[in-house]
file run_16.pdb (PDB, N, CA and C atoms and all ligand atoms)
MODEL        1
ATOM      1  N   MET A   1     -18.639   7.657   4.667
ATOM      2  CA  MET A   1     -17.389   8.066   4.003
ATOM      3  C   MET A   1     -16.538   6.825   3.722
ATOM      4  N   PRO A   2     -15.996   6.727   2.513
ATOM      5  CA  PRO A   2     -15.143   5.573   2.192
ATOM      6  C   PRO A   2     -13.934   5.496   3.114
ATOM      7  N   LYS A   3     -13.531   4.265   3.358
ATOM      8  CA  LYS A   3     -12.367   4.040   4.228
ATOM      9  C   LYS A   3     -11.291   3.305   3.430
ATOM     10  N   ALA A   4     -10.089   3.377   3.968
ATOM     11  CA  ALA A   4      -8.969   2.663   3.361
ATOM     12  C   ALA A   4      -8.121   2.093   4.477
ATOM     13  N   LYS A   5      -7.378   1.037   4.133
ATOM     14  CA  LYS A   5      -6.479   0.440   5.123
ATOM     15  C   LYS A   5      -5.042   0.718   4.705
ATOM     16  N   VAL A   6      -4.265   1.191   5.660
ATOM     17  CA  VAL A   6      -2.852   1.454   5.385
ATOM     18  C   VAL A   6      -2.015   0.594   6.321
ATOM     19  N   THR A   7      -1.074  -0.138   5.749
ATOM     20  CA  THR A   7      -0.151  -0.949   6.541
ATOM     21  C   THR A   7       1.250  -0.365   6.436
ATOM     22  N   PHE A   8       1.884  -0.191   7.592
ATOM     23  CA  PHE A   8       3.280   0.241   7.625
ATOM     24  C   PHE A   8       4.127  -0.995   7.860
ATOM     25  N   GLU A   9       4.820  -1.372   6.807
ATOM     26  CA  GLU A   9       5.551  -2.635   6.853
ATOM     27  C   GLU A   9       6.678  -2.587   7.884
ATOM     28  N   ASP A  10       7.268  -1.403   8.094
ATOM     29  CA  ASP A  10       8.418  -1.304   9.001
ATOM     30  C   ASP A  10       8.047  -1.625  10.438
ATOM     31  N   ILE A  11       6.844  -1.278  10.848
ATOM     32  CA  ILE A  11       6.453  -1.523  12.237
ATOM     33  C   ILE A  11       5.336  -2.561  12.348
ATOM     34  N   GLY A  12       4.872  -3.061  11.202
ATOM     35  CA  GLY A  12       3.864  -4.110  11.213
ATOM     36  C   GLY A  12       2.527  -3.661  11.768
ATOM     37  N   VAL A  13       2.130  -2.433  11.442
ATOM     38  CA  VAL A  13       0.865  -1.898  11.943
ATOM     39  C   VAL A  13      -0.057  -1.583  10.774
ATOM     40  N   THR A  14      -1.332  -1.969  10.907
ATOM     41  CA  THR A  14      -2.354  -1.639   9.912
ATOM     42  C   THR A  14      -3.410  -0.779  10.578
ATOM     43  N   ILE A  15      -3.833   0.275   9.876
ATOM     44  CA  ILE A  15      -4.833   1.178  10.441
ATOM     45  C   ILE A  15      -5.850   1.520   9.359
ATOM     46  N   THR A  16      -7.115   1.674   9.758
ATOM     47  CA  THR A  16      -8.168   2.081   8.833
ATOM     48  C   THR A  16      -8.360   3.587   8.964
ATOM     49  N   VAL A  17      -8.396   4.270   7.820
ATOM     50  CA  VAL A  17      -8.489   5.732   7.824
ATOM     51  C   VAL A  17      -9.550   6.186   6.827
ATOM     52  N   PRO A  18     -10.090   7.392   7.011
ATOM     53  CA  PRO A  18     -11.046   7.917   6.037
ATOM     54  C   PRO A  18     -10.349   8.235   4.716
ATOM     55  N   ALA A  19     -11.096   8.087   3.613
ATOM     56  CA  ALA A  19     -10.551   8.451   2.311
ATOM     57  C   ALA A  19     -10.103   9.904   2.337
ATOM     58  N   GLY A  20      -8.993  10.166   1.676
ATOM     59  CA  GLY A  20      -8.483  11.534   1.610
ATOM     60  C   GLY A  20      -7.377  11.815   2.608
ATOM     61  N   THR A  21      -7.151  10.877   3.536
ATOM     62  CA  THR A  21      -6.086  11.067   4.521
ATOM     63  C   THR A  21      -4.732  10.959   3.837
ATOM     64  N   ARG A  22      -3.820  11.830   4.204
ATOM     65  CA  ARG A  22      -2.477  11.773   3.624
ATOM     66  C   ARG A  22      -1.628  10.764   4.400
ATOM     67  N   LEU A  23      -0.739  10.129   3.675
ATOM     68  CA  LEU A  23       0.093   9.081   4.297
ATOM     69  C   LEU A  23       0.853   9.605   5.509
ATOM     70  N   ILE A  24       1.313  10.844   5.461
ATOM     71  CA  ILE A  24       2.108  11.356   6.576
ATOM     72  C   ILE A  24       1.254  11.477   7.850
ATOM     73  N   GLU A  25      -0.035  11.801   7.680
ATOM     74  CA  GLU A  25      -0.925  11.901   8.847
ATOM     75  C   GLU A  25      -1.095  10.527   9.485
ATOM     76  N   VAL A  26      -1.209   9.515   8.642
ATOM     77  CA  VAL A  26      -1.382   8.154   9.151
ATOM     78  C   VAL A  26      -0.099   7.711   9.856
ATOM     79  N   SER A  27       1.021   8.025   9.240
ATOM     80  CA  SER A  27       2.320   7.655   9.805
ATOM     81  C   SER A  27       2.497   8.269  11.197
ATOM     82  N   GLU A  28       2.132   9.511  11.322
ATOM     83  CA  GLU A  28       2.253  10.184  12.628
ATOM     84  C   GLU A  28       1.371   9.521  13.667
ATOM     85  N   ARG A  29       0.182   9.147  13.233
ATOM     86  CA  ARG A  29      -0.785   8.564  14.171
ATOM     87  C   ARG A  29      -0.286   7.250  14.760
ATOM     88  N   VAL A  30       0.396   6.466  13.933
ATOM     89  CA  VAL A  30       0.807   5.137  14.402
ATOM     90  C   VAL A  30       2.277   5.078  14.810
ATOM     91  N   GLY A  31       3.004   6.167  14.624
ATOM     92  CA  GLY A  31       4.407   6.178  15.028
ATOM     93  C   GLY A  31       5.323   5.446  14.069
ATOM     94  N   ALA A  32       4.966   5.449  12.768
ATOM     95  CA  ALA A  32       5.859   4.862  11.772
ATOM     96  C   ALA A  32       7.040   5.812  11.549
ATOM     97  N   ALA A  33       8.048   5.292  10.873
ATOM     98  CA  ALA A  33       9.323   6.014  10.813
ATOM     99  C   ALA A  33       9.484   6.919   9.594
ATOM    100  N   ILE A  34       8.395   7.344   9.009
ATOM    101  CA  ILE A  34       8.519   8.241   7.854
ATOM    102  C   ILE A  34       8.852   9.642   8.364
ATOM    103  N   THR A  35       9.993  10.140   7.955
ATOM    104  CA  THR A  35      10.412  11.480   8.391
ATOM    105  C   THR A  35       9.874  12.514   7.412
ATOM    106  N   TYR A  36       9.806  13.735   7.843
ATOM    107  CA  TYR A  36       9.305  14.785   6.955
ATOM    108  C   TYR A  36       9.925  16.114   7.331
ATOM    109  N   GLY A  37       9.791  17.034   6.394
ATOM    110  CA  GLY A  37      10.319  18.374   6.623
ATOM    111  C   GLY A  37       9.235  19.406   6.372
ATOM    112  N   CYS A  38       9.096  19.797   5.100
ATOM    113  CA  CYS A  38       8.217  20.924   4.756
ATOM    114  C   CYS A  38       6.730  20.612   4.856
ATOM    115  N   ARG A  39       6.345  19.390   4.621
ATOM    116  CA  ARG A  39       4.932  18.977   4.519
ATOM    117  C   ARG A  39       4.189  19.709   3.408
ATOM    118  N   GLU A  40       4.937  20.294   2.510
ATOM    119  CA  GLU A  40       4.337  21.060   1.404
ATOM    120  C   GLU A  40       4.622  20.419   0.052
ATOM    121  N   GLY A  41       5.268  19.269   0.061
ATOM    122  CA  GLY A  41       5.588  18.618  -1.202
ATOM    123  C   GLY A  41       6.784  19.219  -1.901
ATOM    124  N   GLU A  42       7.679  19.846  -1.178
ATOM    125  CA  GLU A  42       8.809  20.513  -1.822
ATOM    126  C   GLU A  42      10.174  19.923  -1.470
ATOM    127  N   CYS A  43      10.347  19.442  -0.250
ATOM    128  CA  CYS A  43      11.710  19.055   0.175
ATOM    129  C   CYS A  43      12.056  17.604  -0.158
ATOM    130  N   GLY A  44      11.064  16.759  -0.295
ATOM    131  CA  GLY A  44      11.322  15.362  -0.643
ATOM    132  C   GLY A  44      11.726  14.482   0.532
ATOM    133  N   THR A  45      11.799  15.028   1.721
ATOM    134  CA  THR A  45      12.230  14.256   2.894
ATOM    135  C   THR A  45      11.322  13.061   3.158
ATOM    136  N   CYS A  46      10.055  13.197   2.855
ATOM    137  CA  CYS A  46       9.067  12.182   3.220
ATOM    138  C   CYS A  46       8.924  11.083   2.178
ATOM    139  N   LEU A  47       9.911  10.946   1.306
ATOM    140  CA  LEU A  47       9.846   9.913   0.270
ATOM    141  C   LEU A  47       9.538   8.556   0.904
ATOM    142  N   THR A  48       8.551   7.894   0.348
ATOM    143  CA  THR A  48       8.032   6.653   0.917
ATOM    144  C   THR A  48       7.853   5.609  -0.176
ATOM    145  N   GLN A  49       8.216   4.390   0.127
ATOM    146  CA  GLN A  49       8.028   3.311  -0.838
ATOM    147  C   GLN A  49       6.627   2.730  -0.699
ATOM    148  N   VAL A  50       5.908   2.681  -1.801
ATOM    149  CA  VAL A  50       4.598   2.035  -1.811
ATOM    150  C   VAL A  50       4.827   0.584  -2.228
ATOM    151  N   VAL A  51       4.721  -0.312  -1.266
ATOM    152  CA  VAL A  51       5.015  -1.726  -1.508
ATOM    153  C   VAL A  51       3.910  -2.359  -2.352
ATOM    154  N   SER A  52       2.659  -2.012  -2.049
ATOM    155  CA  SER A  52       1.536  -2.481  -2.862
ATOM    156  C   SER A  52       0.352  -1.544  -2.663
ATOM    157  N   GLY A  53      -0.573  -1.591  -3.611
ATOM    158  CA  GLY A  53      -1.783  -0.789  -3.500
ATOM    159  C   GLY A  53      -1.630   0.648  -3.957
ATOM    160  N   GLY A  54      -0.606   0.910  -4.743
ATOM    161  CA  GLY A  54      -0.397   2.279  -5.236
ATOM    162  C   GLY A  54      -1.593   2.814  -6.014
ATOM    163  N   GLU A  55      -2.376   1.881  -6.587
ATOM    164  CA  GLU A  55      -3.556   2.314  -7.345
ATOM    165  C   GLU A  55      -4.645   2.875  -6.437
ATOM    166  N   HIS A  56      -4.502   2.684  -5.138
ATOM    167  CA  HIS A  56      -5.480   3.214  -4.189
ATOM    168  C   HIS A  56      -5.077   4.587  -3.645
ATOM    169  N   LEU A  57      -4.030   5.156  -4.220
ATOM    170  CA  LEU A  57      -3.612   6.509  -3.831
ATOM    171  C   LEU A  57      -4.027   7.480  -4.933
ATOM    172  N   ALA A  58      -4.354   8.707  -4.534
ATOM    173  CA  ALA A  58      -4.665   9.738  -5.529
ATOM    174  C   ALA A  58      -3.427   9.963  -6.391
ATOM    175  N   ASP A  59      -3.650  10.292  -7.657
ATOM    176  CA  ASP A  59      -2.519  10.555  -8.550
ATOM    177  C   ASP A  59      -1.683  11.701  -8.007
ATOM    178  N   PRO A  60      -0.361  11.645  -8.260
ATOM    179  CA  PRO A  60       0.485  12.742  -7.784
ATOM    180  C   PRO A  60       0.145  14.057  -8.485
ATOM    181  N   SER A  61       0.267  15.144  -7.752
ATOM    182  CA  SER A  61       0.076  16.466  -8.354
ATOM    183  C   SER A  61       1.263  16.769  -9.261
ATOM    184  N   VAL A  62       1.165  17.830 -10.020
ATOM    185  CA  VAL A  62       2.276  18.255 -10.888
ATOM    186  C   VAL A  62       3.509  18.514 -10.035
ATOM    187  N   LEU A  63       3.311  19.158  -8.894
ATOM    188  CA  LEU A  63       4.434  19.468  -7.996
ATOM    189  C   LEU A  63       5.085  18.181  -7.485
ATOM    190  N   GLU A  64       4.269  17.247  -7.001
ATOM    191  CA  GLU A  64       4.831  15.998  -6.483
ATOM    192  C   GLU A  64       5.590  15.259  -7.578
ATOM    193  N   ASP A  65       4.988  15.187  -8.748
ATOM    194  CA  ASP A  65       5.638  14.533  -9.881
ATOM    195  C   ASP A  65       7.009  15.135 -10.145
ATOM    196  N   GLN A  66       7.068  16.456 -10.123
ATOM    197  CA  GLN A  66       8.318  17.149 -10.413
ATOM    198  C   GLN A  66       9.371  16.842  -9.347
ATOM    199  N   VAL A  67       8.964  16.889  -8.077
ATOM    200  CA  VAL A  67       9.911  16.612  -6.990
ATOM    201  C   VAL A  67      10.413  15.175  -7.090
ATOM    202  N   LEU A  68       9.520  14.231  -7.383
ATOM    203  CA  LEU A  68       9.929  12.823  -7.528
ATOM    204  C   LEU A  68      10.947  12.676  -8.662
ATOM    205  N   LYS A  69      10.695  13.386  -9.769
ATOM    206  CA  LYS A  69      11.641  13.330 -10.894
ATOM    207  C   LYS A  69      12.968  13.954 -10.503
ATOM    208  N   ASP A  70      12.915  15.091  -9.842
ATOM    209  CA  ASP A  70      14.149  15.792  -9.446
ATOM    210  C   ASP A  70      14.989  14.926  -8.505
ATOM    211  N   MET A  71      14.322  14.101  -7.707
ATOM    212  CA  MET A  71      15.032  13.241  -6.745
ATOM    213  C   MET A  71      15.455  11.907  -7.362
ATOM    214  N   PHE A  72      15.092  11.693  -8.622
ATOM    215  CA  PHE A  72      15.321  10.393  -9.268
ATOM    216  C   PHE A  72      14.703   9.275  -8.421
ATOM    217  N   ALA A  73      13.529   9.522  -7.917
ATOM    218  CA  ALA A  73      12.848   8.530  -7.074
ATOM    219  C   ALA A  73      12.499   7.301  -7.913
ATOM    220  N   PRO A  74      12.781   6.112  -7.395
ATOM    221  CA  PRO A  74      12.417   4.895  -8.127
ATOM    222  C   PRO A  74      10.890   4.802  -8.288
ATOM    223  N   ARG A  75      10.462   4.011  -9.262
ATOM    224  CA  ARG A  75       9.016   3.791  -9.439
ATOM    225  C   ARG A  75       8.417   3.264  -8.138
ATOM    226  N   GLY A  76       7.151   3.595  -7.908
ATOM    227  CA  GLY A  76       6.487   3.087  -6.712
ATOM    228  C   GLY A  76       6.821   3.883  -5.460
ATOM    229  N   HIS A  77       7.404   5.040  -5.624
ATOM    230  CA  HIS A  77       7.672   5.890  -4.470
ATOM    231  C   HIS A  77       6.784   7.135  -4.546
ATOM    232  N   ARG A  78       6.359   7.584  -3.390
ATOM    233  CA  ARG A  78       5.524   8.784  -3.314
ATOM    234  C   ARG A  78       5.989   9.667  -2.162
ATOM    235  N   LEU A  79       5.526  10.906  -2.203
ATOM    236  CA  LEU A  79       5.774  11.814  -1.077
ATOM    237  C   LEU A  79       4.631  11.630  -0.085
ATOM    238  N   ALA A  80       4.966  11.199   1.123
ATOM    239  CA  ALA A  80       3.925  10.876   2.111
ATOM    240  C   ALA A  80       3.100  12.097   2.492
ATOM    241  N   CYS A  81       3.675  13.282   2.390
ATOM    242  CA  CYS A  81       2.915  14.486   2.774
ATOM    243  C   CYS A  81       1.930  14.895   1.697
ATOM    244  N   GLN A  82       2.036  14.267   0.531
ATOM    245  CA  GLN A  82       1.148  14.628  -0.574
ATOM    246  C   GLN A  82       0.178  13.501  -0.934
ATOM    247  N   ALA A  83       0.615  12.261  -0.804
ATOM    248  CA  ALA A  83      -0.176  11.132  -1.278
ATOM    249  C   ALA A  83      -1.390  10.898  -0.380
ATOM    250  N   GLN A  84      -2.560  10.970  -0.985
ATOM    251  CA  GLN A  84      -3.817  10.744  -0.262
ATOM    252  C   GLN A  84      -4.322   9.331  -0.536
ATOM    253  N   VAL A  85      -4.727   8.664   0.539
ATOM    254  CA  VAL A  85      -5.279   7.321   0.419
ATOM    255  C   VAL A  85      -6.749   7.448   0.015
ATOM    256  N   LEU A  86      -7.157   6.678  -0.993
ATOM    257  CA  LEU A  86      -8.537   6.789  -1.479
ATOM    258  C   LEU A  86      -9.420   5.643  -0.997
ATOM    259  N   ASP A  87      -8.910   4.422  -1.087
ATOM    260  CA  ASP A  87      -9.699   3.244  -0.714
ATOM    261  C   ASP A  87      -8.780   2.031  -0.706
ATOM    262  N   GLY A  88      -9.344   0.868  -0.492
ATOM    263  CA  GLY A  88      -8.584  -0.374  -0.609
ATOM    264  C   GLY A  88      -7.492  -0.527   0.431
ATOM    265  N   ASP A  89      -6.507  -1.358   0.112
ATOM    266  CA  ASP A  89      -5.386  -1.655   1.008
ATOM    267  C   ASP A  89      -4.098  -1.100   0.403
ATOM    268  N   VAL A  90      -3.385  -0.363   1.206
ATOM    269  CA  VAL A  90      -2.109   0.207   0.766
ATOM    270  C   VAL A  90      -1.041  -0.221   1.766
ATOM    271  N   VAL A  91       0.084  -0.691   1.251
ATOM    272  CA  VAL A  91       1.206  -1.090   2.112
ATOM    273  C   VAL A  91       2.401  -0.188   1.783
ATOM    274  N   VAL A  92       2.965   0.423   2.811
ATOM    275  CA  VAL A  92       4.090   1.341   2.599
ATOM    276  C   VAL A  92       5.209   1.055   3.593
ATOM    277  N   LYS A  93       6.384   1.602   3.290
ATOM    278  CA  LYS A  93       7.479   1.591   4.252
ATOM    279  C   LYS A  93       8.398   2.765   3.929
ATOM    280  N   PRO A  94       9.170   3.223   4.889
ATOM    281  CA  PRO A  94      10.065   4.344   4.611
ATOM    282  C   PRO A  94      11.007   3.994   3.463
ATOM    283  N   ALA A  95      11.306   4.977   2.628
ATOM    284  CA  ALA A  95      12.199   4.733   1.477
ATOM    285  C   ALA A  95      13.631   4.566   1.950
TER
HETATM  286  S1  LIG B   1       7.782  16.721   3.873
HETATM  287 FE1  LIG B   1       8.709  17.922   2.321
HETATM  288  S2  LIG B   1       8.036  16.935   0.530
HETATM  289 FE2  LIG B   1       6.974  15.870   2.076
ENDMDL
END

call {"tool": "encode", "arguments": {"input": "run_16.pdb", "output": "structure tokens"}}
result
Amino acid sequence: MPKAKVTFEDIGVTITVPAGTRLIEVSERVGAAITYGCREGECGTCLTQVVSGGEHLADPSVLEDQVLKDMFAPRGHRLACQAQVLDGDVVVKPA
């Protein structure tokens, strides 16, 4: 199974995870500071800045796209409960 590396810039931790893992699951595992609410892609609480490697995340769903637009989220931000890591190196930090 393909693997990906996720780095949480806020706590300086890098972890290797299987492809398809959502950022929020990785954050919970390492104790990063990404907060969340619904985990359904609706509340926007888990907004996360993708510092680099955004191309290694699955494209946002229609729902995620809409929530990001509704929140006026800056470019390079994703919902951690929705964004799945596919491969490569991804660096994130809480928004
Ligand atoms: S936790 Fe609600 S949108 Fe991610």

call {"tool": "closest_residue", "arguments": {"input": "run_16.pdb", "among": "A:Val13, A:Leu47, A:Ala19, A:Val67", "to": "Ala32 of chain A", "atoms": "only C-alpha atoms"}}
result
A:Val13

call {"tool": "residues_near_ligand", "arguments": {"input": "run_16.pdb", "ligand": "ligand LIG 1 (chain B)", "cutoff": "6.5 Å", "atoms": "only N, CA and C atoms and all ligand atoms", "output": "list of chain:residue names"}}
result
A:Thr35, A:Tyr36, A:Gly37, A:Cys38, A:Arg39, A:Glu40, A:Gly41, A:Glu42, A:Cys43, A:Gly44, A:Thr45, A:Cys46, A:Leu47, A:Leu79, A:Ala80, A:Cys81, A:Gln82

call {"tool": "residues_around", "arguments": {"input": "run_16.pdb", "residues": "Pro2 of chain A", "least_positions_apart": "2", "cutoff": "9 Å", "atoms": "only C-alpha atoms", "output": "ChimeraX atom specification"}}
result
/A:4,17-20,86-87

call {"tool": "write_last_selection", "arguments": {"input": "run_16.pdb", "atoms": "N, CA and C atoms", "output": "JSON list (two decimals), in the coordinates of the input"}}
result
[["chain", "number", "residue", "atom", "x", "y", "z"],
["A", 4, "ALA", "N", -10.09, 3.38, 3.97],
["A", 4, "ALA", "CA", -8.97, 2.66, 3.36],
["A", 4, "ALA", "C", -8.12, 2.09, 4.48],
["A", 17, "VAL", "N", -8.40, 4.27, 7.82],
["A", 17, "VAL", "CA", -8.49, 5.73, 7.82],
["A", 17, "VAL", "C", -9.55, 6.19, 6.83],
["A", 18, "PRO", "N", -10.09, 7.39, 7.01],
["A", 18, "PRO", "CA", -11.05, 7.92, 6.04],
["A", 18, "PRO", "C", -10.35, 8.24, 4.72],
["A", 19, "ALA", "N", -11.10, 8.09, 3.61],
["A", 19, "ALA", "CA", -10.55, 8.45, 2.31],
["A", 19, "ALA", "C", -10.10, 9.90, 2.34],
["A", 20, "GLY", "N", -8.99, 10.17, 1.68],
["A", 20, "GLY", "CA", -8.48, 11.53, 1.61],
["A", 20, "GLY", "C", -7.38, 11.82, 2.61],
["A", 86, "LEU", "N", -7.16, 6.68, -0.99],
["A", 86, "LEU", "CA", -8.54, 6.79, -1.48],
["A", 86, "LEU", "C", -9.42, 5.64, -1.00],
["A", 87, "ASP", "N", -8.91, 4.42, -1.09],
["A", 87, "ASP", "CA", -9.70, 3.24, -0.71],
["A", 87, "ASP", "C", -8.78, 2.03, -0.71]]

call {"tool": "atom_distance", "arguments": {"input": "run_16.pdb", "atom1": "atom CA of Val30 of chain A", "atom2": "atom CA of Val62 of chain A"}}
result
28.5 Å

call {"tool": "atom_distance", "arguments": {"input": "run_16.pdb", "atom1": "atom CA of Ala33 of chain A", "atom2": "atom C of Pro94 of chain A"}}
result
7.8 Å

call {"tool": "resolve_selection", "arguments": {"input": "run_16.pdb", "expression": "the PyMOL selection byres (((chain A and resi 55) around 8) and not hetatm)", "output": "ChimeraX atom specification"}}
result
/A:52-54,56-59,86-90

call {"tool": "select_by_dssp", "arguments": {"input": "run_16.pdb", "residues": "chain A", "states": "helix (DSSP H, G or I)", "output": "list of chain:residue names"}}
result
A:Leu23, A:Ile24, A:Glu25, A:Val26, A:Ser27, A:Glu28, A:Arg29, A:Val30, A:Gly54, A:Glu55, A:His56, A:Val62, A:Leu63, A:Glu64, A:Asp65, A:Gln66, A:Val67, A:Leu68, A:Lys69, A:Asp70

call {"tool": "residues_near_point", "arguments": {"input": "run_16.pdb", "point": "(0.5, -2.3, 3.5)", "cutoff": "5 Å", "atoms": "all atoms listed in the file", "output": "VMD selection string"}}
result
chain A and resid 6 to 8 90 to 92

call {"tool": "residues_around", "arguments": {"input": "run_16.pdb", "residues": "Lys93 of chain A", "least_positions_apart": "3", "cutoff": "7 Å", "atoms": "all atoms listed in the file", "output": "PDB file with N, CA and C atoms, keeping the file's coordinate frame"}}
result
ATOM      1  N   THR A   7      -1.074  -0.138   5.749  1.00  0.00           N
ATOM      2  CA  THR A   7      -0.151  -0.949   6.541  1.00  0.00           C
ATOM      3  C   THR A   7       1.250  -0.365   6.436  1.00  0.00           C
ATOM      4  N   PHE A   8       1.884  -0.191   7.592  1.00  0.00           N
ATOM      5  CA  PHE A   8       3.280   0.241   7.625  1.00  0.00           C
ATOM      6  C   PHE A   8       4.127  -0.995   7.860  1.00  0.00           C
ATOM      7  N   GLU A   9       4.820  -1.372   6.807  1.00  0.00           N
ATOM      8  CA  GLU A   9       5.551  -2.635   6.853  1.00  0.00           C
ATOM      9  C   GLU A   9       6.678  -2.587   7.884  1.00  0.00           C
ATOM     10  N   ASP A  10       7.268  -1.403   8.094  1.00  0.00           N
ATOM     11  CA  ASP A  10       8.418  -1.304   9.001  1.00  0.00           C
ATOM     12  C   ASP A  10       8.047  -1.625  10.438  1.00  0.00           C
ATOM     13  N   ILE A  34       8.395   7.344   9.009  1.00  0.00           N
ATOM     14  CA  ILE A  34       8.519   8.241   7.854  1.00  0.00           C
ATOM     15  C   ILE A  34       8.852   9.642   8.364  1.00  0.00           C
ATOM     16  N   LEU A  47       9.911  10.946   1.306  1.00  0.00           N
ATOM     17  CA  LEU A  47       9.846   9.913   0.270  1.00  0.00           C
ATOM     18  C   LEU A  47       9.538   8.556   0.904  1.00  0.00           C
ATOM     19  N   THR A  48       8.551   7.894   0.348  1.00  0.00           N
ATOM     20  CA  THR A  48       8.032   6.653   0.917  1.00  0.00           C
ATOM     21  C   THR A  48       7.853   5.609  -0.176  1.00  0.00           C
ATOM     22  N   GLN A  49       8.216   4.390   0.127  1.00  0.00           N
ATOM     23  CA  GLN A  49       8.028   3.311  -0.838  1.00  0.00           C
ATOM     24  C   GLN A  49       6.627   2.730  -0.699  1.00  0.00           C
ATOM     25  N   VAL A  50       5.908   2.681  -1.801  1.00  0.00           N
ATOM     26  CA  VAL A  50       4.598   2.035  -1.811  1.00  0.00           C
ATOM     27  C   VAL A  50       4.827   0.584  -2.228  1.00  0.00           C
ATOM     28  N   VAL A  51       4.721  -0.312  -1.266  1.00  0.00           N
ATOM     29  CA  VAL A  51       5.015  -1.726  -1.508  1.00  0.00           C
ATOM     30  C   VAL A  51       3.910  -2.359  -2.352  1.00  0.00           C
TER      31      VAL A  51
END
